[in-house]
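Pasting upload11.txt here (compact mmCIF, C-alpha atoms):
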```txt
# COMPACT_ATOMS: atom_id res chain seq x y z
CA MET A 1 -63.25 -179.95 -52.51
CA GLN A 2 -66.78 -178.84 -53.30
CA LYS A 3 -67.67 -181.95 -55.24
CA GLN A 4 -66.25 -185.43 -55.19
CA SER A 5 -65.82 -187.58 -58.25
CA SER A 6 -66.98 -191.17 -58.15
CA SER A 7 -63.78 -192.41 -59.80
CA PRO A 8 -61.52 -194.79 -57.80
CA ARG A 9 -58.67 -192.28 -58.03
CA SER A 10 -60.77 -189.50 -56.50
CA ARG A 11 -62.04 -191.80 -53.77
CA ARG A 12 -58.46 -192.69 -52.82
CA ARG A 13 -57.44 -189.03 -52.84
CA PHE A 14 -60.24 -187.91 -50.52
CA SER A 15 -59.76 -190.89 -48.22
CA TYR A 16 -56.43 -189.42 -47.19
CA LEU A 17 -58.14 -186.22 -46.10
CA GLN A 18 -60.94 -187.98 -44.25
CA GLY A 19 -59.55 -191.33 -43.10
CA PRO A 20 -57.31 -192.46 -40.23
CA HIS A 21 -53.83 -190.98 -40.14
CA GLN A 22 -52.09 -194.38 -40.21
CA GLY A 23 -52.46 -194.53 -44.00
CA ILE A 24 -50.89 -191.14 -44.55
CA ALA A 25 -47.38 -192.59 -44.24
CA ARG A 26 -47.88 -194.08 -47.70
CA ILE A 27 -47.92 -190.57 -49.19
CA SER A 28 -44.36 -189.67 -48.26
CA GLN A 29 -43.21 -193.18 -49.15
CA SER A 30 -44.75 -192.83 -52.61
CA PHE A 31 -43.07 -189.46 -53.24
CA ALA A 32 -39.73 -190.94 -52.17
CA GLU A 33 -40.18 -193.95 -54.45
CA VAL A 34 -40.97 -191.88 -57.53
CA SER A 35 -37.98 -189.63 -56.75
CA ARG A 36 -35.72 -192.68 -56.57
CA ARG A 37 -37.02 -193.80 -59.96
CA ALA A 38 -36.40 -190.33 -61.38
CA LEU A 39 -32.80 -190.48 -60.17
CA GLU A 40 -32.29 -193.92 -61.71
CA ALA A 41 -33.78 -192.64 -64.98
CA GLY A 42 -31.20 -189.85 -65.12
CA PHE A 43 -33.25 -186.80 -64.17
CA ASP A 44 -31.35 -183.85 -62.69
CA LEU A 45 -34.22 -182.11 -60.91
CA VAL A 46 -37.29 -183.10 -58.90
CA GLU A 47 -40.20 -180.78 -58.15
CA ILE A 48 -42.78 -181.62 -55.50
CA HIS A 49 -46.20 -180.42 -56.66
CA GLY A 50 -48.03 -178.89 -53.70
CA ALA A 51 -50.30 -176.52 -55.65
CA HIS A 52 -53.53 -176.29 -57.66
CA GLY A 53 -55.79 -178.41 -55.48
CA TYR A 54 -53.72 -181.57 -55.70
CA LEU A 55 -53.22 -183.76 -52.63
CA ILE A 56 -50.59 -181.79 -50.74
CA HIS A 57 -52.44 -178.53 -51.35
CA GLN A 58 -55.58 -180.13 -49.92
CA PHE A 59 -53.71 -180.71 -46.67
CA LEU A 60 -52.25 -177.19 -46.64
CA SER A 61 -55.45 -175.24 -47.28
CA PRO A 62 -57.85 -174.66 -44.38
CA LEU A 63 -60.64 -174.40 -46.95
CA VAL A 64 -60.69 -178.16 -47.47
CA ASN A 65 -58.60 -179.71 -44.69
CA THR A 66 -61.10 -180.47 -41.94
CA ARG A 67 -59.02 -183.09 -40.12
CA THR A 68 -58.85 -182.88 -36.34
CA ASP A 69 -55.69 -184.92 -35.78
CA GLN A 70 -52.02 -184.01 -36.20
CA TYR A 71 -52.58 -183.38 -39.94
CA GLY A 72 -55.31 -180.77 -39.59
CA GLY A 73 -56.23 -177.61 -37.76
CA SER A 74 -53.17 -175.47 -37.05
CA PHE A 75 -50.66 -174.27 -39.63
CA GLU A 76 -48.06 -176.58 -38.10
CA ASN A 77 -50.36 -179.57 -38.46
CA ARG A 78 -51.58 -178.79 -41.98
CA THR A 79 -48.00 -178.46 -43.24
CA ARG A 80 -46.83 -181.63 -41.50
CA ILE A 81 -47.42 -183.95 -44.45
CA LEU A 82 -45.41 -181.72 -46.75
CA ARG A 83 -42.47 -181.68 -44.35
CA GLU A 84 -42.63 -185.46 -44.15
CA VAL A 85 -42.69 -185.72 -47.94
CA ILE A 86 -39.67 -183.43 -48.30
CA GLU A 87 -37.69 -185.35 -45.69
CA ALA A 88 -38.53 -188.67 -47.36
CA VAL A 89 -37.56 -187.37 -50.81
CA ARG A 90 -34.28 -185.92 -49.58
CA LYS A 91 -33.29 -189.32 -48.20
CA VAL A 92 -33.17 -190.68 -51.75
CA TRP A 93 -32.56 -187.50 -53.77
CA PRO A 94 -28.87 -186.41 -53.53
CA GLU A 95 -27.96 -183.07 -51.95
CA ARG A 96 -26.00 -182.23 -55.12
CA LEU A 97 -29.24 -182.19 -57.15
CA PRO A 98 -31.91 -179.47 -56.84
CA LEU A 99 -35.26 -180.07 -55.20
CA TRP A 100 -38.03 -177.60 -56.03
CA LEU A 101 -41.43 -177.11 -54.45
CA ARG A 102 -44.45 -175.77 -56.33
CA ILE A 103 -47.08 -174.12 -54.16
CA SER A 104 -50.23 -172.12 -54.56
CA ALA A 105 -49.00 -169.02 -52.77
CA SER A 106 -52.59 -167.85 -52.25
CA ASP A 107 -56.00 -169.49 -52.44
CA TRP A 108 -57.45 -166.09 -53.45
CA THR A 109 -60.35 -166.84 -51.09
CA GLU A 110 -61.20 -165.49 -47.65
CA GLY A 111 -60.25 -167.97 -44.95
CA GLY A 112 -57.87 -169.82 -47.26
CA TRP A 113 -54.11 -170.15 -47.65
CA THR A 114 -52.35 -166.77 -47.90
CA ILE A 115 -49.03 -165.32 -49.02
CA GLU A 116 -48.14 -164.97 -45.34
CA ASP A 117 -48.64 -168.72 -44.96
CA SER A 118 -46.41 -169.27 -48.00
CA ILE A 119 -43.65 -167.16 -46.49
CA ALA A 120 -43.87 -169.12 -43.24
CA LEU A 121 -43.84 -172.39 -45.20
CA ALA A 122 -40.75 -171.33 -47.15
CA ARG A 123 -38.95 -170.74 -43.86
CA GLN A 124 -39.92 -174.26 -42.77
CA VAL A 125 -38.85 -176.11 -45.89
CA LYS A 126 -35.58 -174.35 -46.64
CA PRO A 127 -33.62 -176.19 -43.92
CA LEU A 128 -35.22 -179.47 -45.03
CA GLY A 129 -33.50 -179.24 -48.41
CA VAL A 130 -35.88 -177.38 -50.73
CA ASP A 131 -33.82 -175.21 -53.07
CA LEU A 132 -36.50 -173.17 -54.85
CA ILE A 133 -40.16 -172.21 -54.40
CA ASP A 134 -42.16 -172.27 -57.65
CA SER A 135 -44.78 -169.64 -56.86
CA SER A 136 -48.13 -170.33 -58.50
CA SER A 137 -51.59 -169.79 -56.95
CA GLY A 138 -55.21 -170.89 -56.76
CA GLY A 139 -56.86 -174.15 -57.74
CA ILE A 140 -58.34 -175.30 -54.45
CA VAL A 141 -61.91 -173.96 -54.84
CA PRO A 142 -63.85 -173.24 -58.05
CA LYS A 143 -65.10 -169.72 -57.35
CA ALA A 144 -61.94 -167.90 -56.27
CA THR A 145 -61.61 -164.31 -57.46
CA ILE A 146 -58.26 -164.21 -59.26
CA PRO A 147 -57.03 -160.93 -60.79
CA LEU A 148 -55.70 -162.45 -64.00
CA GLY A 149 -53.24 -160.33 -65.93
CA PRO A 150 -49.65 -160.31 -67.19
CA GLY A 151 -47.33 -161.52 -64.43
CA TYR A 152 -50.14 -161.54 -61.86
CA GLN A 153 -48.38 -164.14 -59.68
CA THR A 154 -44.91 -162.60 -59.80
CA PRO A 155 -45.42 -160.53 -56.61
CA PHE A 156 -45.71 -163.80 -54.69
CA ALA A 157 -42.28 -164.93 -55.90
CA GLU A 158 -40.86 -161.51 -55.08
CA ARG A 159 -42.18 -161.45 -51.50
CA ILE A 160 -41.07 -164.99 -50.70
CA ARG A 161 -37.63 -164.27 -52.12
CA ARG A 162 -37.28 -160.96 -50.29
CA GLU A 163 -38.57 -162.11 -46.92
CA THR A 164 -36.98 -165.57 -46.70
CA GLY A 165 -33.87 -165.42 -48.88
CA MET A 166 -35.03 -168.47 -50.82
CA LEU A 167 -34.68 -168.83 -54.55
CA THR A 168 -38.03 -168.42 -56.29
CA GLY A 169 -39.57 -169.04 -59.68
CA ALA A 170 -42.11 -166.70 -61.27
CA VAL A 171 -44.91 -168.23 -63.33
CA GLY A 172 -48.23 -167.22 -64.87
CA MET A 173 -49.02 -165.13 -67.97
CA ILE A 174 -45.38 -164.32 -68.63
CA THR A 175 -45.21 -164.20 -72.41
CA ALA A 176 -42.80 -161.52 -73.68
CA PRO A 177 -39.00 -161.80 -73.52
CA GLU A 178 -38.76 -158.23 -72.20
CA GLN A 179 -41.23 -159.08 -69.44
CA ALA A 180 -39.26 -162.15 -68.39
CA GLN A 181 -35.98 -160.23 -68.49
CA HIS A 182 -37.45 -157.45 -66.32
CA ILE A 183 -38.55 -159.96 -63.66
CA ILE A 184 -35.03 -161.35 -63.39
CA ALA A 185 -33.19 -158.04 -63.70
CA THR A 186 -35.25 -156.38 -60.96
CA GLY A 187 -34.81 -159.26 -58.53
CA GLN A 188 -38.44 -160.34 -58.45
CA ALA A 189 -37.48 -163.98 -59.02
CA ASP A 190 -34.47 -166.13 -59.81
CA ILE A 191 -36.01 -167.96 -62.75
CA VAL A 192 -39.00 -167.50 -65.03
CA LEU A 193 -41.02 -170.63 -65.77
CA LEU A 194 -43.09 -170.94 -68.95
CA THR A 195 -45.66 -173.52 -70.00
CA ARG A 196 -48.49 -172.30 -72.22
CA GLU A 197 -46.26 -169.84 -74.04
CA LEU A 198 -43.93 -172.70 -74.99
CA LEU A 199 -46.93 -174.67 -76.26
CA ARG A 200 -47.86 -171.71 -78.44
CA ASP A 201 -44.26 -171.09 -79.53
CA PRO A 202 -41.80 -173.96 -79.02
CA TYR A 203 -39.01 -171.70 -80.32
CA TRP A 204 -39.64 -169.03 -77.67
CA PRO A 205 -36.13 -169.32 -76.12
CA LEU A 206 -34.49 -168.77 -79.52
CA ARG A 207 -36.80 -165.86 -80.27
CA ALA A 208 -36.19 -164.36 -76.82
CA ALA A 209 -32.44 -164.50 -77.29
CA HIS A 210 -32.84 -162.65 -80.58
CA VAL A 211 -35.10 -159.97 -79.09
CA LEU A 212 -32.76 -159.46 -76.13
CA LYS A 213 -29.69 -159.48 -78.40
CA GLN A 214 -28.09 -162.49 -76.74
CA GLN A 215 -25.98 -165.05 -78.54
CA ILE A 216 -26.93 -168.67 -77.82
CA ALA A 217 -26.16 -171.95 -79.53
CA TRP A 218 -28.70 -173.15 -82.09
CA PRO A 219 -29.11 -176.79 -83.16
CA LYS A 220 -26.97 -177.36 -86.24
CA GLN A 221 -30.03 -178.26 -88.27
CA TYR A 222 -31.49 -174.78 -87.57
CA GLU A 223 -28.39 -172.69 -88.27
CA ARG A 224 -29.63 -171.45 -91.63
CA ALA A 225 -32.93 -170.39 -90.06
CA ARG A 226 -31.39 -168.00 -87.53
CA PHE A 227 -33.23 -164.75 -86.93
```
Produce structure tokens that represent the structure in this file.
Amino acid sequence: MQKQSSSPRSRRRFSYLQGPHQGIARISQSFAEVSRRALEAGFDLVEIHGAHGYLIHQFLSPLVNTRTDQYGGSFENRTRILREVIEAVRKVWPERLPLWLRISASDWTEGGWTIEDSIALARQVKPLGVDLIDSSSGGIVPKATIPLGPGYQTPFAERIRRETGMLTGAVGMITAPEQAQHIIATGQADIVLLTRELLRDPYWPLRAAHVLKQQIAWPKQYERARF
């Protein structure tokens, strides 16, 4: 990254990118351990976060990965840690349960990670047991030029889906029920993922069903408040 924090957490994070490769094995072990705990706690889905400048993304992106060993340099090397994480997680996470991967499909910066890299990565991880690519973008450098607008990341999900056959999730400035329905109906993605819109409107799914004229079950306590 452009600037390092002095916090212990940040120092540990950057030590992985700059230190000897022997310590990197702890990364995949840690992902596997937290996945095992999620299974014991009763979760039905695990998503590996490899986007937005977090640790895995820092290995993937040539903008910040300056290693010269087997974890840096070529595409194959920069994606190695992610493959190791997926393999470790799948050893403890049952095949019957879905495993998703969130990526930044583009760094939006010259010389950075591209949609073509994301397509190649999807082809790598599919046989390792990843069931869906959650297609976000950006977050690795502070001055990226990102064309923000409604559904601006959806084309990434569409291309990955079309060119690899993988299931994809569309995310980013998807706010209207009609917009979400159009993404699914036209085959741009297999699922629409919402975050900020649900913070603004926790009842969005109920409202969307009403707008799209779909019948869904309401909590009994809300029956008299139906639209």
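The nearest approach to Asp190 of chain A among the residues A:Thr175, A:Trp204, A:Gly165, A:Ala209, with all atoms listed in the file taken into account, belongs to A:Gly165.
The residue that comes closest to Leu63 of chain A, out of A:Thr109, A:Ile133, A:Thr186, A:Glu116 and on the basis of all atoms listed in the file, is A:Thr109.
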key: Selection near Ser30 of chain A, 12 Å with all atoms listed in the file, sequence-local residues under 2 positions removed, as an MDAnalysis selection string   = chainID A and resid 23:28 32:37 48 84:86 88:89 92
task = Dig up all the protein and nucleic acid residues within 9 Å of (-47.1, -173.5, -55.3) in the file frame, using all atoms listed in the file, and format them as an MDAnalysis selection string.
result = chainID A and resid 49:52 57 101:106 118 133:138
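Comparing A:Glu76, A:Asp201, A:Glu178, A:Glu110 by their smallest distance to Phe59 of chain A, the closest is A:Glu76 (using only C-alpha atoms).
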key: Selection: 9 Å around Thr195 of chain A, all atoms listed in the file, excl. self and same-chain fewer than 5 positions, as a list in words   = Val171, Gly172 and Arg200 of chain A
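The nearest approach to Thr79 of chain A among the residues A:Val141, A:Ala122, A:Leu45, A:Leu97, with all atoms listed in the file taken into account, belongs to A:Ala122.
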Since fewer atoms than expected are present, regenerate N, CA and C atoms for segment 158-182 of chain A and write them as a PDB file, in the coordinates of the input.
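Resulting contents of rebuild_36.pdb:
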```
ATOM      1  N   GLU A 158     -41.685-162.608 -55.581  1.00  0.00           N
ATOM      2  CA  GLU A 158     -40.860-161.510 -55.080  1.00  0.00           C
ATOM      3  C   GLU A 158     -40.889-161.442 -53.550  1.00  0.00           C
ATOM      4  N   ARG A 159     -42.080-161.542 -52.960  1.00  0.00           N
ATOM      5  CA  ARG A 159     -42.180-161.450 -51.500  1.00  0.00           C
ATOM      6  C   ARG A 159     -41.500-162.620 -50.810  1.00  0.00           C
ATOM      7  N   ILE A 160     -41.720-163.821 -51.312  1.00  0.00           N
ATOM      8  CA  ILE A 160     -41.070-164.990 -50.700  1.00  0.00           C
ATOM      9  C   ILE A 160     -39.565-164.858 -50.788  1.00  0.00           C
ATOM     10  N   ARG A 161     -39.068-164.437 -51.931  1.00  0.00           N
ATOM     11  CA  ARG A 161     -37.630-164.270 -52.120  1.00  0.00           C
ATOM     12  C   ARG A 161     -37.068-163.209 -51.176  1.00  0.00           C
ATOM     13  N   ARG A 162     -37.764-162.082 -51.098  1.00  0.00           N
ATOM     14  CA  ARG A 162     -37.280-160.960 -50.290  1.00  0.00           C
ATOM     15  C   ARG A 162     -37.323-161.271 -48.789  1.00  0.00           C
ATOM     16  N   GLU A 163     -38.371-161.940 -48.348  1.00  0.00           N
ATOM     17  CA  GLU A 163     -38.570-162.110 -46.920  1.00  0.00           C
ATOM     18  C   GLU A 163     -37.971-163.388 -46.341  1.00  0.00           C
ATOM     19  N   THR A 164     -37.557-164.317 -47.206  1.00  0.00           N
ATOM     20  CA  THR A 164     -36.980-165.570 -46.700  1.00  0.00           C
ATOM     21  C   THR A 164     -35.568-165.831 -47.211  1.00  0.00           C
ATOM     22  N   GLY A 165     -35.177-165.146 -48.290  1.00  0.00           N
ATOM     23  CA  GLY A 165     -33.870-165.420 -48.880  1.00  0.00           C
ATOM     24  C   GLY A 165     -33.835-166.659 -49.744  1.00  0.00           C
ATOM     25  N   MET A 166     -34.989-167.283 -49.971  1.00  0.00           N
ATOM     26  CA  MET A 166     -35.030-168.470 -50.820  1.00  0.00           C
ATOM     27  C   MET A 166     -35.044-168.093 -52.290  1.00  0.00           C
ATOM     28  N   LEU A 167     -34.515-168.974 -53.116  1.00  0.00           N
ATOM     29  CA  LEU A 167     -34.680-168.830 -54.550  1.00  0.00           C
ATOM     30  C   LEU A 167     -36.140-169.047 -54.906  1.00  0.00           C
ATOM     31  N   THR A 168     -36.635-168.270 -55.867  1.00  0.00           N
ATOM     32  CA  THR A 168     -38.030-168.420 -56.290  1.00  0.00           C
ATOM     33  C   THR A 168     -38.142-168.435 -57.806  1.00  0.00           C
ATOM     34  N   GLY A 169     -39.227-169.042 -58.271  1.00  0.00           N
ATOM     35  CA  GLY A 169     -39.570-169.040 -59.680  1.00  0.00           C
ATOM     36  C   GLY A 169     -40.858-168.297 -59.896  1.00  0.00           C
ATOM     37  N   ALA A 170     -40.901-167.443 -60.910  1.00  0.00           N
ATOM     38  CA  ALA A 170     -42.110-166.700 -61.270  1.00  0.00           C
ATOM     39  C   ALA A 170     -42.810-167.423 -62.418  1.00  0.00           C
ATOM     40  N   VAL A 171     -44.138-167.486 -62.344  1.00  0.00           N
ATOM     41  CA  VAL A 171     -44.910-168.230 -63.330  1.00  0.00           C
ATOM     42  C   VAL A 171     -46.274-167.576 -63.490  1.00  0.00           C
ATOM     43  N   GLY A 172     -46.858-167.687 -64.663  1.00  0.00           N
ATOM     44  CA  GLY A 172     -48.230-167.220 -64.870  1.00  0.00           C
ATOM     45  C   GLY A 172     -48.333-165.998 -65.757  1.00  0.00           C
ATOM     46  N   MET A 173     -48.786-166.199 -66.987  1.00  0.00           N
ATOM     47  CA  MET A 173     -49.020-165.130 -67.970  1.00  0.00           C
ATOM     48  C   MET A 173     -47.768-164.281 -68.169  1.00  0.00           C
ATOM     49  N   ILE A 174     -46.637-164.958 -68.245  1.00  0.00           N
ATOM     50  CA  ILE A 174     -45.380-164.320 -68.630  1.00  0.00           C
ATOM     51  C   ILE A 174     -45.118-164.764 -70.067  1.00  0.00           C
ATOM     52  N   THR A 175     -45.215-163.832 -71.001  1.00  0.00           N
ATOM     53  CA  THR A 175     -45.210-164.200 -72.410  1.00  0.00           C
ATOM     54  C   THR A 175     -44.140-163.507 -73.234  1.00  0.00           C
ATOM     55  N   ALA A 176     -43.748-162.300 -72.871  1.00  0.00           N
ATOM     56  CA  ALA A 176     -42.800-161.520 -73.680  1.00  0.00           C
ATOM     57  C   ALA A 176     -41.394-161.652 -73.127  1.00  0.00           C
ATOM     58  N   PRO A 177     -40.390-161.742 -74.001  1.00  0.00           N
ATOM     59  CA  PRO A 177     -39.000-161.800 -73.520  1.00  0.00           C
ATOM     60  C   PRO A 177     -38.636-160.622 -72.627  1.00  0.00           C
ATOM     61  N   GLU A 178     -39.089-159.421 -72.999  1.00  0.00           N
ATOM     62  CA  GLU A 178     -38.760-158.230 -72.200  1.00  0.00           C
ATOM     63  C   GLU A 178     -39.367-158.334 -70.798  1.00  0.00           C
ATOM     64  N   GLN A 179     -40.573-158.898 -70.719  1.00  0.00           N
ATOM     65  CA  GLN A 179     -41.230-159.080 -69.440  1.00  0.00           C
ATOM     66  C   GLN A 179     -40.441-160.049 -68.562  1.00  0.00           C
ATOM     67  N   ALA A 180     -40.036-161.173 -69.141  1.00  0.00           N
ATOM     68  CA  ALA A 180     -39.260-162.150 -68.390  1.00  0.00           C
ATOM     69  C   ALA A 180     -37.926-161.572 -67.932  1.00  0.00           C
ATOM     70  N   GLN A 181     -37.265-160.836 -68.829  1.00  0.00           N
ATOM     71  CA  GLN A 181     -35.980-160.230 -68.490  1.00  0.00           C
ATOM     72  C   GLN A 181     -36.137-159.210 -67.349  1.00  0.00           C
ATOM     73  N   HIS A 182     -37.216-158.452 -67.371  1.00  0.00           N
ATOM     74  CA  HIS A 182     -37.450-157.450 -66.320  1.00  0.00           C
ATOM     75  C   HIS A 182     -37.623-158.123 -64.961  1.00  0.00           C
TER      76      HIS A 182
END
```
